[in-house]
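J.: Sharing work.cif (mmCIF, C-alpha atoms) below.
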```
data_target
#
loop_
_atom_site.label_atom_id
_atom_site.label_comp_id
_atom_site.auth_asym_id
_atom_site.auth_seq_id
_atom_site.Cartn_x
_atom_site.Cartn_y
_atom_site.Cartn_z
CA MET A 142 -8.98 -0.82 -14.48
CA GLN A 143 -11.98 -0.68 -12.24
CA ASN A 144 -15.49 -1.23 -13.44
CA ASN A 145 -16.81 1.30 -10.98
CA PRO A 146 -19.18 3.62 -12.89
CA MET A 147 -17.78 6.62 -11.05
CA GLN A 148 -14.36 6.01 -12.44
CA ARG A 149 -14.92 6.89 -16.03
CA ARG A 150 -16.35 10.21 -14.98
CA ALA A 151 -13.37 10.62 -12.70
CA LEU A 152 -11.08 10.00 -15.67
CA LEU A 153 -12.91 12.54 -17.82
CA ARG A 154 -12.77 15.01 -14.99
CA GLY A 155 -9.08 14.27 -14.48
CA SER A 156 -7.74 16.90 -16.83
CA LEU A 157 -9.71 19.64 -15.07
CA SER A 158 -8.84 18.71 -11.51
CA LEU A 159 -5.23 17.72 -12.12
CA GLY A 160 -3.96 21.16 -11.16
CA ALA A 161 -5.94 21.16 -7.95
CA ALA A 162 -4.98 17.58 -7.16
CA THR A 163 -1.26 18.29 -7.29
CA LEU A 164 -1.73 20.51 -4.26
CA LEU A 165 -2.62 17.40 -2.25
CA THR A 166 0.53 15.44 -2.95
CA GLY A 167 2.92 17.13 -0.57
CA CYS A 168 2.20 14.75 2.29
CA ASP A 169 2.69 11.53 0.37
CA ILE A 170 6.27 10.48 -0.37
CA SER A 171 5.12 7.95 -2.90
CA ASP A 172 3.74 10.67 -5.20
CA GLY A 173 6.86 12.84 -5.03
CA ASP A 174 8.45 13.58 -8.39
CA ALA A 175 11.86 12.17 -7.48
CA VAL A 176 10.36 8.92 -6.24
CA GLN A 177 8.14 8.65 -9.30
CA SER A 178 10.97 9.20 -11.75
CA ALA A 179 13.11 6.62 -9.92
CA LEU A 180 10.26 4.10 -10.05
CA HIS A 181 9.75 4.93 -13.72
CA ALA A 182 13.45 4.34 -14.48
CA ILE A 183 13.36 0.97 -12.70
CA SER A 184 10.21 0.08 -14.62
CA ARG A 185 12.06 0.81 -17.92
CA TRP A 186 14.89 -1.42 -16.71
CA ASN A 187 12.36 -4.14 -15.84
CA ASP A 188 10.95 -3.86 -19.38
CA ARG A 189 14.39 -4.78 -20.69
CA VAL A 190 14.69 -7.66 -18.24
CA GLN A 191 11.27 -8.91 -19.37
CA ALA A 192 12.19 -8.66 -23.05
CA PHE A 193 15.31 -10.65 -22.23
CA LEU A 194 13.27 -13.33 -20.42
CA PHE A 195 10.86 -13.67 -23.37
CA ARG A 196 11.48 -16.81 -25.41
CA GLU A 197 9.74 -17.35 -28.74
CA GLN A 198 9.57 -21.10 -28.07
CA ALA A 199 7.84 -20.71 -24.69
CA MET A 200 4.17 -21.52 -25.22
CA ALA A 201 1.34 -20.50 -22.93
CA LYS A 202 -0.34 -23.59 -21.55
CA GLU A 203 -3.32 -24.70 -23.63
CA TYR A 204 -6.31 -26.02 -21.71
CA ALA A 205 -9.06 -28.55 -22.40
CA ALA A 206 -12.57 -27.49 -23.43
CA GLY A 207 -13.88 -28.25 -19.95
CA ASP A 208 -11.46 -25.75 -18.35
CA VAL A 209 -12.90 -22.77 -20.22
CA ALA A 210 -14.76 -20.33 -17.97
CA LYS A 211 -18.53 -20.38 -18.41
CA ALA A 212 -18.69 -16.59 -18.48
CA PHE A 213 -15.74 -14.44 -19.50
CA ARG A 214 -15.00 -11.47 -17.33
CA TYR A 215 -15.69 -8.08 -18.87
CA ASN A 216 -12.94 -5.55 -18.29
CA ALA A 217 -12.19 -2.11 -19.70
CA TYR A 218 -11.59 1.33 -18.29
CA TYR A 219 -15.37 1.91 -18.24
CA PRO A 220 -18.40 -0.22 -17.33
CA ALA A 221 -19.95 -2.75 -19.73
CA GLN A 222 -23.09 -0.69 -20.32
CA ASP A 223 -20.92 2.03 -21.88
CA VAL A 224 -19.62 -0.28 -24.63
CA ALA A 225 -20.51 1.22 -28.02
CA PRO A 226 -21.19 -1.67 -30.45
CA ILE A 227 -19.33 -1.44 -33.75
CA ASP A 228 -21.34 -1.55 -37.00
CA PRO A 229 -19.81 -4.36 -39.08
CA GLY A 230 -21.04 -2.67 -42.26
CA THR A 231 -18.92 0.43 -41.84
CA TYR A 232 -16.04 -1.08 -39.84
CA ARG A 233 -12.58 -1.04 -41.40
CA LEU A 234 -9.28 -2.17 -39.96
CA GLY A 235 -6.87 0.57 -41.00
CA LEU A 236 -3.21 -0.23 -41.63
CA ALA A 237 -0.32 2.19 -41.30
CA GLY A 238 3.42 2.42 -40.87
CA LEU A 239 5.96 -0.03 -42.29
CA ILE A 240 3.44 -2.10 -44.26
CA ALA A 241 3.53 -2.68 -48.05
CA ASP A 242 -0.21 -3.23 -48.61
CA LYS A 243 -2.12 -0.68 -46.55
CA ARG A 244 -5.58 -1.42 -47.96
CA PRO A 245 -8.11 -1.47 -45.08
CA TRP A 246 -9.81 -4.72 -44.09
CA THR A 247 -13.55 -5.34 -43.71
CA VAL A 248 -15.20 -7.70 -41.22
CA PRO A 249 -15.99 -10.40 -43.86
CA GLN A 250 -12.36 -10.26 -45.05
CA LEU A 251 -11.06 -10.70 -41.50
CA MET A 252 -13.54 -13.53 -40.85
CA ALA A 253 -12.37 -15.31 -44.02
CA LEU A 254 -8.77 -15.63 -42.82
CA PRO A 255 -7.64 -19.08 -41.63
CA ARG A 256 -8.05 -19.26 -37.87
CA ARG A 257 -6.13 -20.89 -35.11
CA MET A 258 -8.04 -21.72 -31.92
CA GLN A 259 -6.58 -21.46 -28.42
CA ARG A 260 -7.76 -22.07 -24.87
CA THR A 261 -5.39 -20.08 -22.70
CA ARG A 262 -5.35 -18.25 -19.39
CA HIS A 263 -6.08 -14.55 -19.47
CA VAL A 264 -4.05 -13.06 -16.59
CA CYS A 265 -4.96 -9.60 -15.36
CA VAL A 266 -2.34 -7.34 -13.79
CA GLU A 267 -4.73 -7.07 -10.83
CA GLY A 268 -4.26 -10.76 -10.11
CA TRP A 269 -7.50 -12.35 -11.34
CA SER A 270 -7.43 -14.76 -14.24
CA TYR A 271 -9.64 -17.11 -16.23
CA VAL A 272 -9.27 -19.62 -19.04
CA GLY A 273 -10.88 -18.40 -22.24
CA GLN A 274 -11.19 -19.68 -25.78
CA TRP A 275 -10.46 -17.54 -28.82
CA SER A 276 -9.72 -18.08 -32.48
CA GLY A 277 -8.31 -15.96 -35.24
CA VAL A 278 -5.47 -15.67 -37.70
CA PRO A 279 -2.01 -15.61 -36.12
CA LEU A 280 -0.83 -11.99 -36.14
CA GLY A 281 2.53 -13.07 -37.61
CA ASP A 282 0.76 -14.67 -40.61
CA PHE A 283 -1.30 -11.51 -41.11
CA LEU A 284 1.77 -9.27 -40.91
CA ARG A 285 3.49 -11.36 -43.61
CA LEU A 286 0.32 -11.35 -45.69
CA ILE A 287 0.14 -7.55 -45.77
CA GLY A 288 3.85 -7.19 -46.40
CA ALA A 289 4.71 -5.70 -43.02
CA ASP A 290 8.36 -5.14 -42.17
CA THR A 291 8.78 -7.86 -39.53
CA ASN A 292 12.30 -6.59 -38.85
CA ALA A 293 10.72 -3.47 -37.35
CA SER A 294 10.59 -3.29 -33.57
CA TYR A 295 6.94 -2.82 -32.68
CA VAL A 296 3.31 -3.27 -33.66
CA GLY A 297 0.83 -0.70 -32.38
CA PHE A 298 -2.95 -0.77 -32.11
CA GLN A 299 -5.69 1.85 -31.95
CA CYS A 300 -9.15 0.99 -30.68
CA ALA A 301 -12.63 2.36 -31.32
CA ASP A 302 -13.03 3.38 -27.66
CA GLY A 303 -9.87 5.49 -27.55
CA TYR A 304 -7.79 2.70 -26.05
CA TYR A 305 -4.33 2.17 -27.51
CA GLU A 306 -1.61 -0.43 -27.04
CA GLY A 307 1.59 -1.68 -28.59
CA ILE A 308 3.78 -4.76 -28.42
CA ASP A 309 7.30 -5.80 -29.32
CA MET A 310 7.81 -7.60 -32.65
CA PRO A 311 8.97 -10.93 -31.10
CA THR A 312 5.65 -11.11 -29.24
CA ALA A 313 3.72 -10.07 -32.38
CA LEU A 314 5.32 -12.98 -34.26
CA HIS A 315 4.73 -15.49 -31.43
CA PRO A 316 2.55 -18.33 -32.81
CA GLN A 317 -0.03 -17.91 -30.03
CA THR A 318 -0.55 -14.20 -30.73
CA ILE A 319 -3.77 -14.13 -32.76
CA MET A 320 -6.24 -11.64 -34.22
CA ALA A 321 -9.26 -13.08 -32.43
CA VAL A 322 -12.65 -12.88 -34.14
CA THR A 323 -14.37 -15.44 -31.93
CA ALA A 324 -14.68 -15.95 -28.17
CA GLY A 325 -15.94 -19.23 -26.80
CA ASP A 326 -17.91 -20.82 -29.66
CA GLU A 327 -19.38 -17.61 -31.04
CA ILE A 328 -18.38 -14.51 -32.96
CA LEU A 329 -16.69 -12.05 -30.61
CA PRO A 330 -19.53 -10.45 -28.60
CA ASP A 331 -19.76 -6.64 -28.52
CA LYS A 332 -18.51 -6.37 -24.97
CA PHE A 333 -15.49 -8.57 -25.66
CA GLY A 334 -14.23 -6.53 -28.59
CA PHE A 335 -16.29 -7.20 -31.75
CA PRO A 336 -15.11 -7.42 -34.43
CA LEU A 337 -11.42 -7.70 -33.52
CA LYS A 338 -9.42 -8.39 -30.37
CA ILE A 339 -5.68 -9.07 -30.29
CA ARG A 340 -5.26 -12.11 -28.08
CA ILE A 341 -1.74 -12.39 -26.64
CA PRO A 342 -1.44 -15.15 -24.02
CA THR A 343 2.19 -14.15 -23.30
CA LYS A 344 1.07 -10.70 -22.11
CA LEU A 345 -1.02 -9.38 -19.23
CA GLY A 346 -4.68 -8.79 -20.05
CA PHE A 347 -4.39 -5.05 -20.63
CA LYS A 348 -1.93 -5.68 -23.48
CA ASN A 349 -4.76 -7.51 -25.34
CA PRO A 350 -6.62 -4.65 -27.07
CA LYS A 351 -10.29 -5.00 -28.04
CA TRP A 352 -12.38 -3.17 -30.71
CA VAL A 353 -9.17 -2.73 -32.72
CA THR A 354 -9.63 -0.32 -35.63
CA ALA A 355 -6.05 0.35 -36.69
CA LEU A 356 -2.79 -1.58 -36.73
CA TYR A 357 0.62 -0.06 -37.47
CA VAL A 358 4.20 -1.26 -37.66
CA THR A 359 6.87 1.06 -36.33
CA ASN A 360 10.36 1.41 -34.88
CA THR A 361 9.15 3.91 -32.28
CA GLN A 362 7.80 2.28 -29.14
CA PRO A 363 4.02 2.75 -29.22
CA ARG A 364 2.42 4.15 -26.10
CA GLY A 365 -0.01 2.06 -24.11
CA PHE A 366 -3.12 3.23 -22.28
CA TRP A 367 -2.08 1.69 -18.95
CA SER A 368 1.68 2.13 -19.31
CA ASP A 369 0.89 5.85 -19.68
CA ARG A 370 -0.71 5.43 -16.23
CA GLY A 371 2.24 3.88 -14.44
CA TYR A 372 2.14 0.19 -15.48
CA ASP A 373 5.09 -1.65 -17.05
CA TRP A 374 5.14 -1.23 -20.81
CA PHE A 375 6.38 -4.75 -21.66
CA SER A 376 4.09 -6.56 -19.21
CA GLY A 377 4.96 -10.03 -20.45
CA ILE A 378 4.02 -13.09 -18.45
CA MET V 195 33.54 -15.58 38.74
CA SER V 196 33.86 -12.27 36.89
CA GLY V 197 34.57 -12.69 33.20
CA ALA V 198 34.36 -11.10 29.81
CA PRO V 199 31.04 -9.47 28.97
CA ASP V 200 28.72 -10.98 26.35
CA ILE V 201 29.50 -9.41 23.03
CA GLN V 202 27.38 -9.22 19.90
CA LEU V 203 29.27 -8.49 16.67
CA HIS V 204 27.82 -7.91 13.21
CA SER V 205 30.11 -7.39 10.24
CA ARG V 206 29.61 -4.43 7.94
CA VAL V 207 28.44 -6.74 5.13
CA ALA V 208 25.93 -8.52 7.38
CA ARG V 209 24.52 -5.19 8.56
CA LEU V 210 24.23 -3.85 5.01
CA ALA V 211 22.48 -7.06 3.92
CA HIS V 212 20.20 -6.93 6.97
CA TRP V 213 19.05 -3.34 6.46
CA CYS V 214 18.63 -3.72 2.69
CA GLN V 215 16.33 -6.65 3.40
CA ALA V 216 14.53 -4.77 6.17
CA ILE V 217 13.73 -1.83 3.88
CA ALA V 218 12.91 -4.09 0.93
CA VAL V 219 10.58 -6.31 2.96
CA VAL V 220 8.63 -3.26 4.19
CA ILE V 221 8.33 -2.02 0.58
CA MET V 222 7.32 -5.46 -0.69
CA ILE V 223 4.69 -6.00 2.01
CA GLY V 224 3.26 -2.48 1.80
CA SER V 225 2.95 -2.51 -1.98
CA GLY V 226 1.90 -6.17 -2.01
CA TRP V 227 -1.01 -5.34 0.28
CA ARG V 228 -2.12 -2.56 -2.08
CA ILE V 229 -1.98 -5.00 -5.00
CA TYR V 230 -3.86 -7.60 -2.93
CA ASP V 231 -6.58 -5.08 -2.06
CA ASN V 232 -7.40 -4.65 -5.73
CA VAL V 233 -8.66 -8.23 -5.98
CA PRO V 234 -8.58 -9.80 -2.48
CA ILE V 235 -8.33 -13.59 -2.37
CA LEU V 236 -9.71 -13.70 1.19
CA PRO V 237 -12.76 -11.91 2.61
CA PHE V 238 -10.77 -8.98 3.99
CA GLU V 239 -8.73 -6.00 2.81
CA PHE V 240 -5.68 -4.35 4.30
CA PRO V 241 -6.42 -0.84 5.59
CA TYR V 242 -5.47 1.70 2.93
CA TRP V 243 -3.23 3.70 5.28
CA ILE V 244 -0.78 0.82 5.82
CA THR V 245 -0.45 0.05 2.12
CA LEU V 246 2.14 1.56 -0.22
CA GLY V 247 1.39 2.93 -3.68
CA GLY V 248 0.77 6.64 -3.49
CA ASN V 249 -2.43 8.54 -2.92
CA LYS V 250 -5.21 6.36 -4.30
CA TYR V 251 -7.68 9.23 -4.56
CA LEU V 252 -5.19 11.14 -6.67
CA ALA V 253 -4.54 8.02 -8.77
CA THR V 254 -8.28 7.53 -9.24
CA THR V 255 -8.55 11.06 -10.60
CA THR V 256 -5.50 11.10 -12.84
CA SER V 257 -5.23 7.44 -13.87
CA ASN V 258 -8.62 5.81 -13.34
CA ASP V 259 -6.81 3.41 -11.06
CA TRP V 260 -6.54 2.88 -7.29
CA GLY V 261 -2.79 3.20 -7.18
CA THR V 262 -2.25 -0.40 -8.22
CA GLY V 263 0.11 0.66 -11.00
CA ASN V 264 2.15 2.66 -8.52
CA ALA V 265 2.14 -0.22 -6.03
CA ILE V 266 3.36 -2.60 -8.76
CA ALA V 267 6.16 -0.16 -9.63
CA TRP V 268 7.17 -0.17 -5.94
CA HIS V 269 6.91 -3.96 -5.79
CA PHE V 270 9.19 -4.55 -8.78
CA ALA V 271 11.67 -1.94 -7.52
CA GLY V 272 11.71 -3.45 -4.01
CA MET V 273 12.27 -6.84 -5.61
CA TRP V 274 15.77 -5.83 -6.74
CA LEU V 275 16.69 -4.45 -3.32
CA LEU V 276 15.46 -7.65 -1.69
CA LEU V 277 17.33 -9.79 -4.20
CA PHE V 278 20.51 -7.81 -3.46
CA GLY V 279 20.07 -7.90 0.32
CA PHE V 280 19.04 -11.55 0.49
CA GLY V 281 21.74 -12.66 -1.96
CA LEU V 282 24.40 -10.77 -0.03
CA PHE V 283 23.13 -12.14 3.29
CA VAL V 284 23.16 -15.76 2.13
CA LEU V 285 26.50 -15.45 0.34
CA ASN V 286 28.08 -13.75 3.33
CA GLY V 287 26.54 -16.24 5.75
CA VAL V 288 27.86 -19.22 3.81
CA LEU V 289 31.28 -17.87 2.84
CA THR V 290 32.26 -16.39 6.22
CA GLY V 291 30.93 -19.35 8.19
CA HIS V 292 28.42 -17.08 9.98
CA PHE V 293 25.55 -19.52 9.32
CA ARG V 294 27.56 -22.56 10.42
CA ARG V 295 28.90 -20.81 13.51
CA ASP V 296 25.75 -19.05 14.70
CA PHE V 297 22.72 -20.82 13.15
CA LEU V 298 24.02 -24.38 13.60
CA PRO V 299 23.85 -26.91 15.13
CA LEU V 300 20.09 -27.12 15.27
CA THR V 301 18.40 -30.33 16.34
CA PRO V 302 14.71 -31.11 16.92
CA ARG V 303 15.61 -31.87 20.52
CA SER V 304 17.32 -28.53 21.18
CA PHE V 305 14.50 -26.71 19.40
CA LEU V 306 11.86 -28.45 21.48
CA ARG V 307 13.75 -27.75 24.70
CA ASP V 308 14.21 -24.04 23.94
CA PHE V 309 10.71 -23.72 22.53
CA VAL V 310 9.14 -25.03 25.74
CA ALA V 311 11.40 -22.74 27.76
CA ALA V 312 10.45 -19.76 25.59
CA ALA V 313 6.73 -20.57 25.76
CA THR V 314 6.92 -20.62 29.56
CA PHE V 315 9.05 -17.44 29.64
CA ARG V 316 12.03 -19.26 31.12
CA LEU V 317 14.37 -18.90 28.15
CA GLY V 318 17.29 -16.62 28.88
CA HIS V 319 19.05 -14.56 26.26
CA ARG V 320 22.78 -14.05 26.04
CA LEU V 321 23.94 -11.34 23.71
CA GLY V 322 25.88 -12.82 20.83
CA GLU V 323 24.50 -16.32 21.27
CA TYR V 324 21.51 -17.77 19.43
CA ASN V 325 19.21 -20.29 21.09
CA ALA V 326 17.60 -23.05 19.07
CA VAL V 327 14.30 -21.16 18.65
CA GLN V 328 16.16 -18.18 17.20
CA LYS V 329 18.16 -20.42 14.89
CA MET V 330 14.96 -22.05 13.70
CA PHE V 331 13.43 -18.60 13.17
CA TYR V 332 16.30 -17.36 11.02
CA TRP V 333 16.32 -20.49 8.87
CA SER V 334 12.53 -20.25 8.53
CA VAL V 335 12.49 -16.63 7.45
CA MET V 336 15.26 -17.28 4.93
CA PHE V 337 13.21 -20.16 3.55
CA ALA V 338 10.11 -17.93 3.46
CA ILE V 339 11.96 -15.21 1.51
CA ALA V 340 13.27 -17.81 -0.94
CA MET V 341 9.72 -19.09 -1.39
CA MET V 342 8.49 -15.52 -1.94
CA PHE V 343 10.96 -15.21 -4.80
CA ALA V 344 9.93 -18.56 -6.25
CA SER V 345 6.17 -18.00 -5.97
CA GLY V 346 6.57 -14.37 -7.06
CA LEU V 347 8.40 -15.46 -10.21
CA ALA V 348 5.66 -18.04 -10.83
CA ILE V 349 3.05 -15.24 -10.71
CA TRP V 350 5.14 -12.76 -12.70
CA LYS V 351 6.09 -15.19 -15.51
CA PRO V 352 3.51 -18.01 -15.67
CA VAL V 353 4.34 -18.57 -19.36
CA GLN V 354 8.12 -18.03 -19.54
CA LEU V 355 8.57 -19.92 -16.25
CA GLY V 356 5.57 -22.18 -16.74
CA TRP V 357 7.32 -25.11 -15.04
CA LEU V 358 7.69 -23.07 -11.86
CA THR V 359 4.02 -22.07 -11.94
CA TRP V 360 3.21 -25.76 -12.43
CA VAL V 361 5.28 -26.68 -9.36
CA PHE V 362 3.07 -24.36 -7.29
CA GLY V 363 -0.09 -25.92 -8.71
CA GLY V 364 -0.94 -23.27 -11.30
CA PHE V 365 -1.36 -19.50 -11.37
CA PRO V 366 -4.21 -19.06 -8.85
CA ALA V 367 -2.52 -21.47 -6.40
CA ALA V 368 0.82 -19.64 -6.73
CA ARG V 369 -0.93 -16.44 -5.59
CA VAL V 370 -2.12 -18.26 -2.47
CA VAL V 371 1.41 -19.58 -1.79
CA HIS V 372 2.75 -16.03 -2.20
CA PHE V 373 0.17 -14.83 0.33
CA VAL V 374 0.92 -17.63 2.82
CA PHE V 375 4.68 -16.94 2.90
CA MET V 376 4.01 -13.18 3.11
CA SER V 377 1.96 -13.95 6.24
CA ALA V 378 4.83 -16.03 7.62
CA ILE V 379 7.25 -13.14 7.09
CA VAL V 380 4.84 -10.70 8.75
CA GLY V 381 4.64 -13.09 11.70
CA PHE V 382 8.42 -13.28 11.87
CA LEU V 383 8.70 -9.47 11.73
CA ALA V 384 6.21 -9.01 14.57
CA ILE V 385 8.10 -11.38 16.88
CA HIS V 386 11.50 -10.11 15.72
CA VAL V 387 10.61 -6.49 16.47
CA VAL V 388 9.08 -7.32 19.88
CA LEU V 389 12.22 -9.24 20.87
CA VAL V 390 14.46 -6.40 19.72
CA ILE V 391 12.43 -4.00 21.87
CA LEU V 392 12.87 -6.39 24.82
CA VAL V 393 16.64 -6.63 24.20
CA PRO V 394 17.52 -3.22 22.70
CA LYS V 395 21.24 -3.96 22.60
CA THR V 396 20.65 -6.30 19.66
CA PHE V 397 19.45 -3.22 17.78
CA VAL V 398 22.58 -1.31 18.78
CA ALA V 399 24.71 -4.18 17.50
CA MET V 400 22.86 -4.32 14.19
CA VAL V 401 23.36 -0.57 13.70
CA LEU V 402 26.87 0.01 15.07
CA GLY V 403 28.26 -3.49 14.58
CA ARG V 404 29.02 -4.14 18.24
CA ALA V 405 27.25 -4.23 21.60
CA GLU V 406 28.16 -5.72 24.95
CA ASP V 407 26.24 -6.80 27.97
CA HIS V 408 27.61 -7.08 31.49
CA HIS V 409 24.41 -8.37 33.09
CA HIS V 410 25.10 -11.96 32.24
CA ALA V 411 28.78 -11.83 33.08
CA LYS V 412 29.29 -13.99 36.15
#
```
Just give me the structure as C-alpha cells.

T.:
Amino acid sequence: MQNNPMQRRALLRGSLSLGAATLLTGCDISDGDAVQSALHAISRWNDRVQAFLFREQAMAKEYAAGDVAKAFRYNAYYPAQDVAPIDPGTYRLGLAGLIADKRPWTVPQLMALPRRMQRTRHVCVEGWSYVGQWSGVPLGDFLRLIGADTNASYVGFQCADGYYEGIDMPTALHPQTIMAVTAGDEILPDKFGFPLKIRIPTKLGFKNPKWVTALYVTNTQPRGFWSDRGYDWFSGI
Amino acid sequence: MSGAPDIQLHSRVARLAHWCQAIAVVIMIGSGWRIYDNVPILPFEFPYWITLGGNKYLATTTSNDWGTGNAIAWHFAGMWLLLFGFGLFVLNGVLTGHFRRDFLPLTPRSFLRDFVAAATFRLGHRLGEYNAVQKMFYWSVMFAIAMMFASGLAIWKPVQLGWLTWVFGGFPAARVVHFVFMSAIVGFLAIHVVLVILVPKTFVAMVLGRAEDHHHAK
C-alpha cells in the first residue's frame, strides 16, 4: 500500500526471494505458521461479524461541496508515474458469471448511464482519509440493467493493472455503491482509475477498485489483492 | 500489639480477567503502534522493534506492505481477548461487590490527601488495601479502556456506527481520541509495573491468588 518506488520492484522480486526469506522467519513469533493461521481464522470470523453489522439503510455521511479535498490522494500498489493510461477507444468492460446480458460496455455507453453524485469520505485502512466527490450509475441499477442474478452472493472485479477485488451482494446493491466515471468535477483522471472506478463509501479504500475492466457475479467469494496479503476480506466501515 | 498479617486475595475470576486484559493490552498497543507508524498523526514514530506485526522486511518482500496487514490482524484478534477480559473484570467487580468494597469510597478530599502523600513519598502501602490514588487509578484505566472500545468502534465502523463517530467529532478526531487514551493506558501501565516491582507481593497475589505481609502487622 506504500507509494515507495522500491516496493513495486520488491513485489515483483517477491516470488524469487520467497524461499530465501522463509529462512529468516524463525526468530519472529508473529510470522510463525500456527500464529498466522490463528490470526487468519479470527479474521474470517471478523468478516462474518462485519457482514452482520452491515445495514443496507446505513448511509455514509454526505458532505458539502466545500468539504471536498482540493487534491485527491493517489494510492495504488505502485507509484503514480507507473500508471498506464487506458485508451478509451479500445477499452471494454467485460461481463461474466451470473449475468443474462454479457455484452461488453464501451466508455461512451458507460458515460451515457444516469449518474448519481456523492461527496463521501474515502477511508484508507492505513488510517488516512479525505472527502472526495464522485458520480456514476449505482452498481445495483447496472446489475439489474444487465440482468445479473442479484440473489448471488458476490460481485468481483478485475482491473487493467492486475488488481482484483470483490464485494458481498448487499454492499453491491447499497444505493451509495456507484460505478464512478467522474472525480471532482471532471472525467475520472488517469491516475484515479479512468475510465471506471467502483466507489463504495461503506468499504475501506482498497475495496474500491480502479481501472476496472471486468465485472462478474458469482457465488464463490472473489479474492482480493490485499486480502490475499493478510487484510480482512470484508473490510466494511 | 501483634495481630493478623495484611492479606491480599484475588479470586480466580479476577485473576483470569486481569491476565487476559494484560496480554490483550500488550497486543493492542504493540499492533496499534505498528498501524500508527504507517501514517503517523504526530511527528514521531514508534521504534520498529517494540511494535507487533511480524517481520516488516519479510512483509515488504512478500506482500508489498510494511506488516500493517499483520498488525491489523493482531489488533482485531486482541480486541476479542480484551473484550472478554474487560467484560469479565467489570461483571465480576460489580456482581461480587469487589468494586464497591475495594475501589470505593473515593472522594476528592481523600484523593487529594493521598496524592500529596504519594507525591512526597510519604504514602504507605498495606497489602490488600487500596489508597485513594490507587482507587482513582483503577477507575481511570477502566474508563480509558472503555473509551478505547468506543473510539476504536468509531474508527472501525464510521458508517455503520456513524453516530458514534459523530460523538467523537468525526473520523480524524476519533483517531486522535484513540491515540490519547492509548497514551493514558501506557502511562498507567508504566506506573502500575513500577509499583508492582516496588511491592512484589502484589504480583504474587495476582498470580497465586493470595499473599501476606507481616511487615505492617503491629

J.: CA of Val380 (chain V) and CA of Leu347 (chain V), how far apart in Å?

T.: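 Rounded to one decimal, the two atoms are 19.9 Å apart.
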
J.: Using only C-alpha atoms and a cutoff of 12 Å, can you tell me which residues are near (0.8, -15.8, -41.3) in the file's coordinates, and write them out as a list in words?

T.: Leu254, Pro255, Arg256, Arg257, Gly277, Val278, Pro279, Leu280, Gly281, Asp282, Phe283, Leu284, Arg285, Leu286, Ile287, Gly288, Ala289, Thr291, Ala313, Leu314, His315, Pro316, Gln317, Thr318, Ile319 and Met320 of chain A

J.: Output the contact residues of chain V with respect to chain A at a cut-off of 7 Å, based on all atoms listed in the file, as JSON, numbers by chain.

T.: {"V": [229, 232, 233, 247, 248, 249, 252, 254, 255, 256, 257, 258, 259, 263, 264, 267, 268, 271, 350, 351, 352, 353, 354]}

J.: Taking the file as shown, what set of residues would the PyMOL selection byres ((chain V and resi 220) around 12) give back, as a list in words?

T.: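 This file gives the following for the PyMOL selection byres ((chain V and resi 220) around 12): Trp213, Cys214, Gln215, Ala216, Ile217, Ala218, Val219, Ile221, Met222, Ile223, Gly224, Ser225, Gly226, Trp227, Ile244, Thr245, Leu246, Trp268, His269, Gly272, Met273, Leu275, Leu276, Met376, Ile379, Val380 and Leu383 of chain V.
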
J.: Which of these, V:Ala198, V:Ala368, V:Leu277, V:Ala208, has the shortest distance to Ile235 (chain V) once you count all atoms listed in the file?

T.: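 Of the candidates, the smallest distance to Ile235 (chain V) is held by V:Ala368.
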
J.: So how far away is CA of Gly325 (chain A) from CA of Gly235 (chain A), in Å?

T.: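 Calculated distance between CA of Gly235 (chain A) and CA of Gly325 (chain A) is 26.0 Å.
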
J.: Is it possible to get the residues within 9 Å of (5.4, -17.1, -5.3) (coordinates as in the file, counting all atoms listed in the file) written as a list of chain:residue names?

T.: V:Met341, V:Met342, V:Phe343, V:Ala344, V:Ser345, V:Gly346, V:Leu347, V:Ala348, V:Ile349, V:Trp350, V:Thr359, V:Phe362, V:Ala368, V:Arg369, V:Val370, V:Val371, V:His372, V:Phe373, V:Phe375

J.: Take CA of Lys329 (chain V) and CA of Phe297 (chain V) and report the distance between them in Å, one decimal.

T.: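 These two atoms are separated by 4.9 Å.
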
J.: Determine, counting all atoms listed in the file, which protein, DNA and RNA residues have an atom within 12 Å of an atom of Phe331 (chain V); residues of the same chain fewer than 4 positions away are not included. Present the result as a compact mmCIF listing (two decimals) with C-alpha atoms, in the frame of the given file.

T.:
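Done, and the output landed in around.txt:
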```
# COMPACT_ATOMS: atom_id res chain seq x y z
CA PHE V 297 22.72 -20.82 13.15
CA LEU V 300 20.09 -27.12 15.27
CA PHE V 305 14.50 -26.71 19.40
CA PHE V 309 10.71 -23.72 22.53
CA TYR V 324 21.51 -17.77 19.43
CA ASN V 325 19.21 -20.29 21.09
CA ALA V 326 17.60 -23.05 19.07
CA VAL V 327 14.30 -21.16 18.65
CA VAL V 335 12.49 -16.63 7.45
CA MET V 336 15.26 -17.28 4.93
CA PHE V 337 13.21 -20.16 3.55
CA ALA V 338 10.11 -17.93 3.46
CA ALA V 378 4.83 -16.03 7.62
CA ILE V 379 7.25 -13.14 7.09
CA GLY V 381 4.64 -13.09 11.70
CA PHE V 382 8.42 -13.28 11.87
CA LEU V 383 8.70 -9.47 11.73
CA ILE V 385 8.10 -11.38 16.88
CA HIS V 386 11.50 -10.11 15.72
```

J.: Using all atoms listed in the file, which protein or nucleic acid residues come within 6 Å of region 362-365 of chain A? Drop anything in the same chain fewer than 4 positions from it, and give the result as a list of chain:residue names.

T.: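 These residues fall inside the cut-off: A:Gly297, A:Tyr305, A:Glu306, A:Gly307, A:Asp369.
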
J.: What's the 10 Å shell around Ala321 (chain A), counting all atoms listed in the file, without same-chain residues fewer than 5 positions away, as a compact mmCIF listing (two decimals) with C-alpha atoms, in the coordinates of the input?

T.:
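selection-v1.txt, freshly written:
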```
# COMPACT_ATOMS: atom_id res chain seq x y z
CA LEU A 251 -11.06 -10.70 -41.50
CA MET A 252 -13.54 -13.53 -40.85
CA ARG A 256 -8.05 -19.26 -37.87
CA ARG A 257 -6.13 -20.89 -35.11
CA MET A 258 -8.04 -21.72 -31.92
CA GLN A 259 -6.58 -21.46 -28.42
CA GLN A 274 -11.19 -19.68 -25.78
CA TRP A 275 -10.46 -17.54 -28.82
CA SER A 276 -9.72 -18.08 -32.48
CA GLY A 277 -8.31 -15.96 -35.24
CA VAL A 278 -5.47 -15.67 -37.70
CA PRO A 279 -2.01 -15.61 -36.12
CA LEU A 280 -0.83 -11.99 -36.14
CA ILE A 328 -18.38 -14.51 -32.96
CA LEU A 329 -16.69 -12.05 -30.61
CA GLY A 334 -14.23 -6.53 -28.59
CA PHE A 335 -16.29 -7.20 -31.75
CA PRO A 336 -15.11 -7.42 -34.43
CA LEU A 337 -11.42 -7.70 -33.52
CA LYS A 338 -9.42 -8.39 -30.37
CA ILE A 339 -5.68 -9.07 -30.29
CA ARG A 340 -5.26 -12.11 -28.08
CA ILE A 341 -1.74 -12.39 -26.64
CA LYS A 351 -10.29 -5.00 -28.04
```
